[in-house]
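One file, coords-v2.cif, carrying mmCIF, C-alpha atoms and all ligand atoms:
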data_entry
loop_
_atom_site.label_atom_id
_atom_site.label_comp_id
_atom_site.auth_asym_id
_atom_site.auth_seq_id
_atom_site.Cartn_x
_atom_site.Cartn_y
_atom_site.Cartn_z
CA MET A 1 0.00 0.00 0.00
CA GLN A 2 1.42 3.35 -0.96
CA THR A 3 0.30 6.94 -0.80
CA LEU A 4 0.81 9.08 -3.82
CA THR A 5 -0.30 12.45 -5.02
CA LEU A 6 -2.22 12.83 -8.24
CA ARG A 7 -2.81 16.23 -9.77
CA CYS A 8 -6.04 16.78 -11.66
CA THR A 9 -7.22 19.91 -13.43
CA LEU A 10 -10.62 21.23 -12.42
CA ARG A 11 -13.25 22.73 -14.69
CA PRO A 12 -15.22 25.01 -12.39
CA THR A 13 -18.09 27.17 -13.62
CA PRO A 14 -17.66 30.95 -13.12
CA GLU A 15 -19.86 30.73 -10.05
CA GLN A 16 -17.74 27.90 -8.65
CA VAL A 17 -14.57 29.89 -9.36
CA ARG A 18 -15.90 32.65 -7.14
CA ALA A 19 -16.58 30.11 -4.38
CA LEU A 20 -13.09 28.63 -4.73
CA GLU A 21 -11.52 32.10 -4.66
CA ALA A 22 -13.46 32.95 -1.51
CA THR A 23 -12.39 29.66 0.07
CA VAL A 24 -8.64 30.03 -0.57
CA GLU A 25 -8.82 33.65 0.58
CA LEU A 26 -10.49 32.77 3.83
CA PHE A 27 -8.12 29.86 4.30
CA ALA A 28 -5.10 32.14 3.83
CA GLU A 29 -6.62 34.67 6.18
CA GLY A 30 -7.00 31.92 8.77
CA CYS A 31 -3.41 30.76 8.21
CA ASN A 32 -2.07 34.28 8.60
CA HIS A 33 -4.01 34.78 11.79
CA ALA A 34 -2.79 31.47 13.22
CA LEU A 35 0.76 32.36 12.17
CA ARG A 36 0.57 35.72 13.93
CA VAL A 37 -0.64 34.13 17.13
CA ALA A 38 1.91 31.33 16.91
CA LYS A 39 4.73 33.82 16.49
CA GLU A 40 3.52 36.05 19.32
CA ARG A 41 3.28 33.09 21.68
CA GLY A 42 6.25 31.23 20.27
CA GLU A 43 4.01 28.18 20.03
CA PHE A 44 4.01 26.05 16.89
CA ARG A 45 2.96 22.75 18.39
CA ARG A 46 -0.29 21.76 16.74
CA PHE A 47 -2.14 20.74 19.86
CA ARG A 48 -1.29 23.95 21.75
CA LEU A 49 -1.96 26.11 18.73
CA HIS A 50 -5.37 24.51 18.39
CA HIS A 51 -6.38 25.80 21.82
CA LEU A 52 -5.09 29.27 21.01
CA VAL A 53 -6.73 29.90 17.67
CA TYR A 54 -9.55 27.43 16.98
CA ARG A 55 -12.31 29.74 18.23
CA ASP A 56 -10.95 32.71 16.25
CA LEU A 57 -10.82 30.63 13.10
CA ARG A 58 -14.40 29.48 13.51
CA ALA A 59 -15.42 33.10 14.16
CA LEU A 60 -13.71 34.06 10.88
CA GLY A 61 -16.18 31.81 9.13
CA LEU A 62 -14.05 28.72 8.56
CA SER A 63 -15.75 25.37 8.97
CA ALA A 64 -14.49 23.05 11.68
CA ASN A 65 -12.66 20.92 9.13
CA LEU A 66 -10.98 23.86 7.44
CA ALA A 67 -9.99 25.34 10.81
CA VAL A 68 -8.29 22.06 11.68
CA GLN A 69 -6.47 22.11 8.33
CA VAL A 70 -5.30 25.69 8.95
CA ILE A 71 -3.83 24.65 12.29
CA ALA A 72 -2.22 21.61 10.68
CA ARG A 73 -0.57 23.81 8.08
CA VAL A 74 0.80 26.40 10.49
CA GLY A 75 1.44 24.13 13.44
CA ARG A 76 4.32 22.09 12.20
CA ARG A 77 8.06 22.26 12.26
CA LYS A 78 8.19 24.20 9.02
CA GLY A 79 5.45 26.58 10.13
CA SER A 80 7.78 28.82 12.10
CA ARG A 81 9.71 29.57 8.91
CA ALA A 82 6.67 30.88 7.02
CA LYS A 83 6.38 34.63 6.68
CA PHE A 84 3.00 34.94 5.06
CA TYR A 85 0.42 32.75 3.40
CA ARG A 86 -0.85 33.76 -0.01
CA PRO A 87 -4.41 32.89 -1.04
CA THR A 88 -3.46 30.19 -3.54
CA SER A 89 -4.32 26.92 -1.84
CA CYS A 90 -6.51 25.14 0.64
CA THR A 91 -6.38 21.67 2.19
CA PHE A 92 -9.40 19.35 2.30
CA ASP A 93 -9.79 16.16 4.27
CA GLN A 94 -11.87 13.06 3.69
CA ARG A 95 -15.01 14.70 5.02
CA THR A 96 -14.78 17.84 2.92
CA LEU A 97 -13.61 16.18 -0.28
CA SER A 98 -15.07 13.25 -2.15
CA LEU A 99 -14.93 11.90 -5.67
CA ARG A 100 -17.65 10.70 -7.99
CA LEU A 101 -15.89 8.68 -10.61
CA LYS A 102 -18.91 7.85 -12.74
CA ASP A 103 -19.34 11.45 -13.86
CA GLU A 104 -15.76 12.52 -13.05
CA THR A 105 -16.67 15.19 -10.57
CA ILE A 106 -15.23 16.17 -7.24
CA SER A 107 -17.28 17.39 -4.35
CA LEU A 108 -15.67 20.08 -2.17
CA THR A 109 -17.04 21.85 0.87
CA THR A 110 -16.27 25.50 0.20
CA VAL A 111 -17.17 28.55 2.24
CA ARG A 112 -20.23 28.83 0.00
CA GLY A 113 -21.34 25.27 0.62
CA ARG A 114 -20.82 21.94 -1.10
CA MET A 115 -19.79 22.24 -4.77
CA LEU A 116 -19.79 19.52 -7.39
CA ILE A 117 -16.95 20.42 -9.78
CA LEU A 118 -16.06 18.74 -13.06
CA MET A 119 -12.56 17.33 -13.41
CA LYS A 120 -10.47 17.03 -16.54
CA LEU A 121 -8.96 13.56 -16.51
CA GLY A 122 -6.54 11.71 -18.76
CA ASN A 123 -6.44 7.94 -19.12
CA TYR A 124 -3.59 7.59 -16.69
CA GLN A 125 -5.44 9.53 -14.02
CA ARG A 126 -8.60 7.52 -14.61
CA GLU A 127 -6.66 4.31 -14.21
CA LEU A 128 -5.05 5.42 -10.96
CA LEU A 129 -8.29 6.74 -9.52
CA ASN A 130 -9.99 3.45 -10.31
CA ARG A 131 -7.17 1.56 -8.65
CA ALA A 132 -7.12 3.75 -5.56
CA LYS A 133 -8.31 2.02 -2.40
CA SER A 134 -9.14 5.34 -0.80
CA ILE A 135 -8.68 9.06 -1.16
CA GLN A 136 -7.25 10.81 1.86
CA GLY A 137 -8.26 14.32 0.96
CA GLY A 138 -6.23 16.69 -1.15
CA VAL A 139 -4.97 20.19 -1.74
CA LEU A 140 -6.76 22.69 -3.94
CA THR A 141 -4.38 25.06 -5.70
CA LYS A 142 -4.76 28.02 -7.97
CA GLY A 143 -2.16 27.99 -10.71
CA ALA A 144 -1.02 30.54 -13.24
CA LYS A 145 -3.64 31.97 -15.57
CA GLY A 146 -6.43 31.19 -13.15
CA LYS A 147 -6.27 27.43 -13.54
CA TRP A 148 -7.48 25.33 -10.64
CA TYR A 149 -6.00 22.01 -9.63
CA ILE A 150 -6.71 19.40 -7.02
CA HIS A 151 -3.78 17.35 -5.72
CA LEU A 152 -5.39 14.16 -4.48
CA HIS A 153 -3.74 11.95 -1.88
CA LEU A 154 -4.42 8.38 -2.97
CA ARG A 155 -3.81 5.10 -1.24
CA VAL A 156 -2.88 2.63 -3.92
CA GLU A 157 -2.39 -1.10 -3.60
CA THR A 158 0.97 -1.94 -5.12
CA PRO A 159 2.41 -5.37 -5.66
CA GLU A 160 5.41 -6.11 -3.45
CA PRO A 161 8.55 -6.29 -5.55
CA LEU A 162 9.18 -10.04 -5.65
CA GLY A 163 12.87 -9.86 -6.41
CA GLY A 164 14.92 -12.86 -7.38
CA GLY A 165 12.22 -14.41 -9.50
CA GLY A 166 12.26 -12.08 -12.45
CA LYS A 167 14.97 -11.02 -14.82
CA VAL A 168 17.42 -8.18 -14.22
CA VAL A 169 17.39 -5.59 -16.97
CA GLY A 170 19.97 -2.83 -17.29
CA VAL A 171 19.28 0.54 -18.84
CA ASP A 172 21.96 2.77 -20.32
CA LEU A 173 21.10 6.44 -20.71
CA GLY A 174 22.65 8.37 -23.55
CA GLN A 175 22.35 11.13 -26.10
CA LYS A 176 22.07 9.45 -29.49
CA ALA A 177 19.96 6.70 -28.07
CA LEU A 178 18.02 8.09 -25.13
CA ALA A 179 17.91 4.72 -23.47
CA THR A 180 19.14 1.24 -24.33
CA LEU A 181 17.94 -1.81 -22.42
CA SER A 182 19.98 -4.95 -21.99
CA THR A 183 16.99 -6.76 -23.50
CA GLY A 184 17.89 -5.02 -26.76
CA LEU A 185 15.11 -2.44 -26.72
CA GLN A 186 16.33 1.01 -27.71
CA PHE A 187 14.75 4.49 -27.67
CA SER A 188 16.08 7.08 -30.05
CA GLY A 189 17.17 10.46 -28.74
CA GLY A 190 16.74 12.26 -32.04
CA PRO A 191 13.52 14.18 -31.42
CA LEU A 192 14.52 15.30 -27.94
CA ARG A 193 17.94 16.43 -29.09
CA GLY A 194 16.62 18.32 -32.09
CA LYS A 195 13.85 20.01 -30.17
CA ARG A 196 16.12 21.08 -27.36
CA LEU A 197 18.62 22.56 -29.80
CA HIS A 198 15.74 24.45 -31.33
CA TYR A 199 14.78 25.86 -27.92
CA LEU A 200 18.42 26.64 -27.19
CA ARG A 201 18.64 28.81 -30.33
CA LYS A 202 15.29 30.43 -29.71
CA ARG A 203 16.19 31.28 -26.14
CA ALA A 204 19.56 32.72 -27.11
CA GLU A 205 17.74 34.95 -29.61
CA VAL A 206 15.28 36.26 -27.02
CA ARG A 207 18.03 36.52 -24.41
CA SER A 208 20.16 38.80 -26.58
CA LYS A 209 17.17 41.06 -27.12
CA LEU A 210 16.35 41.08 -23.41
CA ASP A 211 19.90 42.23 -22.70
CA ARG A 212 19.25 45.46 -24.59
CA PRO A 213 17.11 47.69 -22.36
CA SER A 214 15.49 49.44 -25.33
CA GLU A 215 13.96 46.18 -26.51
CA ARG A 216 12.96 44.81 -23.14
CA THR A 217 9.22 44.92 -23.67
CA LYS A 218 6.51 43.14 -21.77
CA GLY A 219 5.71 41.04 -24.80
CA LEU A 220 9.29 39.84 -24.99
CA LYS A 221 9.31 38.84 -21.34
CA HIS A 222 6.11 36.92 -21.89
CA LEU A 223 7.68 35.19 -24.88
CA TRP A 224 10.63 34.18 -22.71
CA GLU A 225 8.33 32.72 -20.08
CA ARG A 226 6.26 30.94 -22.71
CA LEU A 227 9.36 29.39 -24.26
CA ARG A 228 10.58 28.15 -20.91
CA GLY A 229 7.21 26.68 -20.07
CA ARG A 230 6.87 25.00 -23.45
CA GLU A 231 10.32 23.48 -23.24
CA ALA A 232 9.79 22.24 -19.70
CA ARG A 233 6.50 20.62 -20.67
CA PHE A 234 8.07 18.99 -23.70
CA VAL A 235 10.96 17.54 -21.70
CA ASN A 236 8.62 16.34 -18.97
CA HIS A 237 6.35 14.68 -21.47
CA THR A 238 9.28 12.96 -23.19
CA LEU A 239 10.64 11.66 -19.90
CA HIS A 240 7.23 10.40 -18.82
CA THR A 241 6.68 8.60 -22.09
CA LEU A 242 10.13 7.06 -22.02
CA ALA A 243 9.79 5.93 -18.41
CA LYS A 244 6.39 4.44 -19.19
CA ARG A 245 7.64 2.54 -22.23
CA ILE A 246 10.62 1.16 -20.33
CA VAL A 247 8.42 -0.04 -17.47
CA ASP A 248 5.83 -1.41 -19.92
CA SER A 249 8.51 -3.65 -21.40
CA LEU A 250 9.13 -5.32 -18.02
CA GLU A 251 7.17 -7.83 -15.95
CA PRO A 252 6.23 -7.69 -12.27
CA GLY A 253 9.07 -9.22 -10.27
CA ASP A 254 11.75 -7.96 -12.66
CA THR A 255 14.55 -5.70 -11.47
CA LEU A 256 15.57 -2.62 -13.41
CA ALA A 257 19.19 -1.55 -12.98
CA ILE A 258 20.02 2.07 -13.68
CA GLU A 259 23.29 3.95 -13.48
CA ASP A 260 23.77 6.06 -10.40
CA LEU A 261 24.57 9.32 -12.17
CA THR A 262 23.87 11.70 -9.31
CA GLY A 263 27.53 12.60 -8.85
CA LEU A 264 28.67 12.56 -12.46
CA LYS A 265 27.80 16.07 -13.58
CA ASP A 266 31.23 17.53 -12.79
CA HIS A 267 33.07 15.24 -15.15
CA THR A 268 31.81 17.08 -18.19
CA THR A 269 33.76 20.31 -17.86
CA LYS A 270 35.76 19.70 -21.00
CA ARG A 271 32.71 19.81 -23.22
CA GLY A 272 31.61 22.82 -25.24
CA LYS A 273 28.63 24.89 -24.23
CA ARG A 274 26.29 23.19 -26.66
CA GLU A 275 27.55 19.78 -25.68
CA ARG A 276 27.13 20.56 -22.03
CA TYR A 277 23.61 21.76 -22.60
CA LEU A 278 22.72 18.58 -24.39
CA HIS A 279 24.45 16.52 -21.76
CA ASN A 280 22.37 18.16 -19.11
CA LEU A 281 19.36 17.36 -21.24
CA TRP A 282 19.12 14.32 -19.09
CA PRO A 283 17.32 15.64 -16.05
CA TYR A 284 18.52 12.42 -14.50
CA ALA A 285 16.94 12.80 -11.08
CA ARG A 286 13.53 13.55 -12.55
CA PHE A 287 13.73 10.68 -15.00
CA ARG A 288 14.73 8.29 -12.26
CA PHE A 289 11.84 9.51 -10.15
CA PHE A 290 9.38 8.84 -13.00
CA VAL A 291 10.84 5.39 -13.59
CA GLU A 292 10.79 4.54 -9.91
CA TYR A 293 7.21 5.34 -9.21
CA LYS A 294 5.95 3.75 -12.41
CA ALA A 295 8.02 0.67 -11.59
CA ALA A 296 6.77 0.59 -8.01
CA LEU A 297 3.16 0.55 -9.20
CA LYS A 298 3.93 -2.53 -11.27
CA GLY A 299 5.96 -4.40 -8.65
CA ILE A 300 9.32 -3.84 -10.31
CA LYS A 301 12.39 -3.12 -8.21
CA VAL A 302 14.77 -0.35 -9.27
CA VAL A 303 18.42 -0.48 -8.23
CA ALA A 304 21.18 2.05 -8.91
CA VAL A 305 24.65 0.76 -9.69
CA ASP A 306 28.16 2.17 -9.93
CA PRO A 307 28.37 3.77 -13.39
CA HIS A 308 32.16 3.69 -13.81
CA HIS A 309 33.53 2.07 -16.97
CA THR A 310 30.20 0.50 -17.89
CA SER A 311 30.96 1.31 -21.51
CA GLN A 312 34.57 0.07 -21.41
CA GLU A 313 34.25 -3.35 -19.87
CA CYS A 314 34.11 -6.45 -22.04
CA PRO A 315 31.06 -8.58 -21.27
CA ARG A 316 32.88 -11.73 -22.43
CA CYS A 317 36.33 -11.54 -20.80
CA GLY A 318 36.04 -8.64 -18.35
CA HIS A 319 38.90 -6.67 -19.90
CA VAL A 320 38.51 -2.95 -19.12
CA ALA A 321 40.09 -0.44 -21.51
CA LYS A 322 39.24 2.88 -23.05
CA GLU A 323 40.24 1.44 -26.43
CA ASN A 324 37.49 -1.17 -26.19
CA ARG A 325 35.09 1.56 -27.18
CA ARG A 326 35.97 2.01 -30.83
CA SER A 327 33.43 4.72 -31.51
CA GLN A 328 30.22 6.16 -30.18
CA ALA A 329 28.40 3.16 -31.57
CA LEU A 330 30.85 0.27 -31.57
CA PHE A 331 32.43 -1.80 -28.82
CA ARG A 332 35.31 -4.14 -29.70
CA CYS A 333 37.38 -5.83 -26.99
CA THR A 334 41.14 -5.39 -27.55
CA ALA A 335 41.80 -8.58 -25.58
CA CYS A 336 39.33 -11.11 -26.96
CA GLY A 337 37.82 -9.41 -29.98
CA PHE A 338 34.24 -9.47 -28.71
CA GLN A 339 32.23 -6.94 -30.70
CA HIS A 340 28.81 -5.42 -30.16
CA ASN A 341 26.73 -2.24 -30.08
CA ALA A 342 28.35 0.00 -27.45
CA ASP A 343 25.10 1.09 -25.79
CA TRP A 344 23.97 -2.49 -25.43
CA VAL A 345 27.30 -3.43 -23.83
CA ALA A 346 26.83 -0.66 -21.29
CA ALA A 347 23.25 -1.75 -20.53
CA HIS A 348 24.42 -5.33 -20.17
CA ASN A 349 27.18 -4.34 -17.75
CA ILE A 350 24.72 -2.31 -15.71
CA ALA A 351 22.38 -5.29 -15.46
CA ARG A 352 25.26 -7.55 -14.44
CA ARG A 353 26.40 -5.17 -11.74
CA ALA A 354 22.94 -5.41 -10.27
CA GLY A 355 23.51 -9.11 -9.82
CA SER A 356 22.28 -10.82 -12.95
CA MET A 357 24.11 -13.78 -14.45
CA GLY A 358 25.64 -12.32 -17.56
CA MET A 359 27.50 -14.13 -20.23
CA GLY A 360 31.05 -15.07 -19.27
CA ARG A 361 32.60 -13.74 -16.08
CA CYS A 362 30.31 -12.57 -13.35
CA LYS A 363 31.44 -10.01 -10.80
CA PRO A 364 29.79 -9.71 -7.42
CA ALA A 365 27.02 -7.15 -7.48
CA ARG A 366 28.09 -3.64 -6.57
CA ILE A 367 24.77 -2.15 -5.75
CA LEU A 368 25.23 1.32 -4.41
CA ARG A 369 21.72 2.07 -3.41
CA VAL A 370 18.43 0.31 -3.53
CA SER A 371 15.89 2.98 -4.16
CA SER A 372 12.59 2.75 -2.44
CA PHE A 373 9.36 4.35 -3.45
CA HIS A 374 8.67 5.49 0.07
CA HIS A 375 11.52 7.97 0.14
CA LEU A 376 10.42 9.94 -2.88
CA PRO A 377 9.12 13.49 -2.64
CA LEU A 378 5.59 12.64 -3.62
CA GLU A 379 4.40 16.22 -3.41
CA SER A 380 6.18 17.02 -6.64
CA LEU A 381 4.54 14.20 -8.52
CA ARG A 382 2.76 15.04 -11.76
CA LEU A 383 1.01 12.42 -13.77
ZN ZN B 401 36.97 -9.29 -24.16
#

Could I get this file's structure written as structure tokens?
Amino acid sequence: MQTLTLRCTLRPTPEQVRALEATVELFAEGCNHALRVAKERGEFRRFRLHHLVYRDLRALGLSANLAVQVIARVGRRKGSRAKFYRPTSCTFDQRTLSLRLKDETISLTTVRGRMLILMKLGNYQRELLNRAKSIQGGVLTKGAKGKWYIHLHLRVETPEPLGGGGKVVGVDLGQKALATLSTGLQFSGGPLRGKRLHYLRKRAEVRSKLDRPSERTKGLKHLWERLRGREARFVNHTLHTLAKRIVDSLEPGDTLAIEDLTGLKDHTTKRGKRERYLHNLWPYARFRFFVEYKAALKGIKVVAVDPHHTSQECPRCGHVAKENRRSQALFRCTACGFQHNADWVAAHNIARRAGSMGMGRCKPARILRVSSFHHLPLESLRL
């Protein structure tokens, strides 16, 4: 059983928008009042704070449930660091939030009463909502351009990673080929590379104009923001799709081995600016996060292994040499002559390091870190 956060877009009517606005405003007002009192009294413990402000919050017009949520938000360790709460969000619990899946609506208790609001769902969200054992409330947020979202906290039944039974599959991340699996499956990096170069040029263009004060218009700033947003959405979408297709190719009980690249960024200083930009095109941490939670939902274990020399080691005889890698694409062992696609060799070595029985010599597994779904920052999850 795991808890995860699913973001859904809402489609409120104009009247409902006014009710939502009024709710987040009152909620923020309540938070700011509780914060003031907490600071004056130097008291951020939830239970104590409750006694100090509950009556005031109810007098403000907040329902009992919302008052409790206000206290929960301010009365926590992080609360003392807050300066001010802006009217952009509001927390609902199981009594003030419920879903009706058959007509894809959500029911929220606002300050203007219970509202039945339409949701905009994709297939993935539908699937998760149908699988959810329960919904533990959620957070209503107001995004840019007046969009409204609900971040639902779901309890989802997930198969326990079996481990041992299934196969171990390695994945090598790269530029030309975005990802190569030791099963032979490969995903081309062409579209991502081309598109990001396009954005790189576009941004440089706008940047140079922004640097000249005479041309720094509002429209140009908007264009800059739009470009950044578009690029971020494109990269996110690509990573999601890739992660999904990798996980789709595996079975429950399998183990996916991935390079632990978290410390590798500094080794790229010799590259040119363009190269570096493309190298950083792998938002590795985000990709790994996507892979890990998709894998967890399917009962697939993800392990991170030592990435050193994965592309230089011969899968047949174990000989490690720079010269083994003849070119970007070709691996040929200088000791035994073994020859194969270089990306596949890397993926194979990654799988073997995670403990699979490869061909030829088998080293003991050097697993650096077994990643667990529970440690992930679920708040940032977007599906
Ligand atoms: Zn060899």

If you measure from CA of Glu104 in chain A to CA of Arg245 in chain A, what distance in Å do you get, rounded to one decimal?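 Between CA of Glu104 in chain A and CA of Arg245 in chain A the gap works out to 27.0 Å.
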
Write out as CSV a residue-level contact list of chain A versus ligand ZN 401 (chain B) with cut-off 9 Å: for each qualifying residue the closest pair of atoms and the distance in Å to one decimal, counting only C-alpha atoms and all ligand atoms, rows sorted by chain and residue number upward.
residue,atom,partner,partner_atom,distance
A:Glu313,CA,B:ZN401,ZN,7.8
A:Cys314,CA,B:ZN401,ZN,4.6
A:Pro315,CA,B:ZN401,ZN,6.6
A:Arg316,CA,B:ZN401,ZN,5.1
A:Cys317,CA,B:ZN401,ZN,4.1
A:Gly318,CA,B:ZN401,ZN,5.9
A:His319,CA,B:ZN401,ZN,5.4
A:Val320,CA,B:ZN401,ZN,8.2
A:Asn324,CA,B:ZN401,ZN,8.4
A:Arg332,CA,B:ZN401,ZN,7.7
A:Cys333,CA,B:ZN401,ZN,4.5
A:Thr334,CA,B:ZN401,ZN,6.6
A:Ala335,CA,B:ZN401,ZN,5.1
A:Cys336,CA,B:ZN401,ZN,4.1
A:Gly337,CA,B:ZN401,ZN,5.9
A:Phe338,CA,B:ZN401,ZN,5.3
A:Gln339,CA,B:ZN401,ZN,8.4

Go ahead and dump the residues you just picked, C-alpha atoms, as a compact mmCIF listing (two decimals), in the coordinates of the input.
# COMPACT_ATOMS: atom_id res chain seq x y z
CA GLU A 313 34.25 -3.35 -19.87
CA CYS A 314 34.11 -6.45 -22.04
CA PRO A 315 31.06 -8.58 -21.27
CA ARG A 316 32.88 -11.73 -22.43
CA CYS A 317 36.33 -11.54 -20.80
CA GLY A 318 36.04 -8.64 -18.35
CA HIS A 319 38.90 -6.67 -19.90
CA VAL A 320 38.51 -2.95 -19.12
CA ASN A 324 37.49 -1.17 -26.19
CA ARG A 332 35.31 -4.14 -29.70
CA CYS A 333 37.38 -5.83 -26.99
CA THR A 334 41.14 -5.39 -27.55
CA ALA A 335 41.80 -8.58 -25.58
CA CYS A 336 39.33 -11.11 -26.96
CA GLY A 337 37.82 -9.41 -29.98
CA PHE A 338 34.24 -9.47 -28.71
CA GLN A 339 32.23 -6.94 -30.70

Which value, in Å to one decimal, gives the distance between CA of Phe289 in chain A and CA of Ser188 in chain A?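 Between CA of Phe289 in chain A and CA of Ser188 in chain A the gap works out to 20.5 Å.
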
Quick one: residues within 9 Å of Cys90 in chain A, all atoms listed in the file counted, chain neighbours fewer than 2 positions away excluded, as a PyMOL selection string? chain A and resi 23-25+27-28+66+69-70+87-88+92+138-141

Can you report as lines of an AutoDock Vina configuration file the centre and edge lengths in Å, to one decimal, of an axis-aligned box around the listed atoms of range 45-52 of chain A padded with 8 Å on each side?
center_x = -1.7
center_y = 25.0
center_z = 19.3
size_x = 25.3
size_y = 24.5
size_z = 21.1

Taking only C-alpha atoms into account, which of A:Lys244, A:Lys301, A:Lys39, A:Lys202 comes nearest Phe287 in chain A?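 Using only C-alpha atoms, Phe287 in chain A sits closest to A:Lys244.
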
Would you kindly return, as a VMD selection string, each protein, DNA or RNA residue with an atom no farther than 9 Å from any atom of Asp56 in chain A, considering all atoms listed in the file and excluding same-chain residues fewer than 3 positions away? chain A and resid 30 33 to 34 52 to 53 59 to 61

Which residue gives the smallest distance to Thr9 in chain A among A:Ala243, A:Leu297, A:Ala257, A:Ile150, with all atoms listed in the file counted?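 Among A:Ala243, A:Leu297, A:Ala257, A:Ile150, it is A:Ile150 that comes nearest to Thr9 in chain A.
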
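Distance-wise, CA of Gly143 in chain A and CA of Asn123 in chain A end up 22.2 Å apart.
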
From A:Ser63, A:Ser89, A:Gln328, A:Gln186, residue lying nearest Gly170 in chain A [all atoms listed in the file]: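 With all atoms listed in the file as the atom set, the closest residue is A:Gln186.
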
Extract, using only C-alpha atoms, all DNA, RNA and protein residues at most 12 Å from range 209-211 of chain A, discarding same-chain residues fewer than 6 positions from it, and format them as a PyMOL selection string. chain A and resi 202-203+217-224

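Those residues that approach Ala295 in chain A to within 9 Å, counting all atoms listed in the file, are Ala243, Lys244, Val247, Asp248, Leu250, Pro252, Leu256, Phe290, Ile300, Lys301 and Val302 of chain A; same-chain residues fewer than 5 positions away are not listed.
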
Using only C-alpha atoms, which protein or nucleic acid residues come within 6 Å of Thr105 in chain A? Drop anything in the same chain fewer than 3 positions from it, and give the result as a CSV table (one decimal) with C-alpha atoms, keeping the file's coordinate frame.
chain,number,residue,atom,x,y,z
A,100,ARG,CA,-17.6,10.7,-8.0
A,117,ILE,CA,-17.0,20.4,-9.8
A,118,LEU,CA,-16.1,18.7,-13.1
A,119,MET,CA,-12.6,17.3,-13.4

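Here the question is which of A:Leu242, A:Ala321, A:Tyr293, A:Asp306 gets nearest to Ala179 in chain A using all atoms listed in the file, and that residue is A:Leu242.
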
I need the residue nearest Glu127 in chain A from this list: A:Leu6, A:Phe234, A:Val291, A:His153. Use only C-alpha atoms for the distance.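 Looking only at the distances to Glu127 in chain A, the closest residue turns out to be A:Leu6.
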
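Closest approach to Leu116 in chain A from the set A:Asn236, A:Thr241, A:Gln16, A:Ser214 is made by A:Gln16, with distances taken over only C-alpha atoms.
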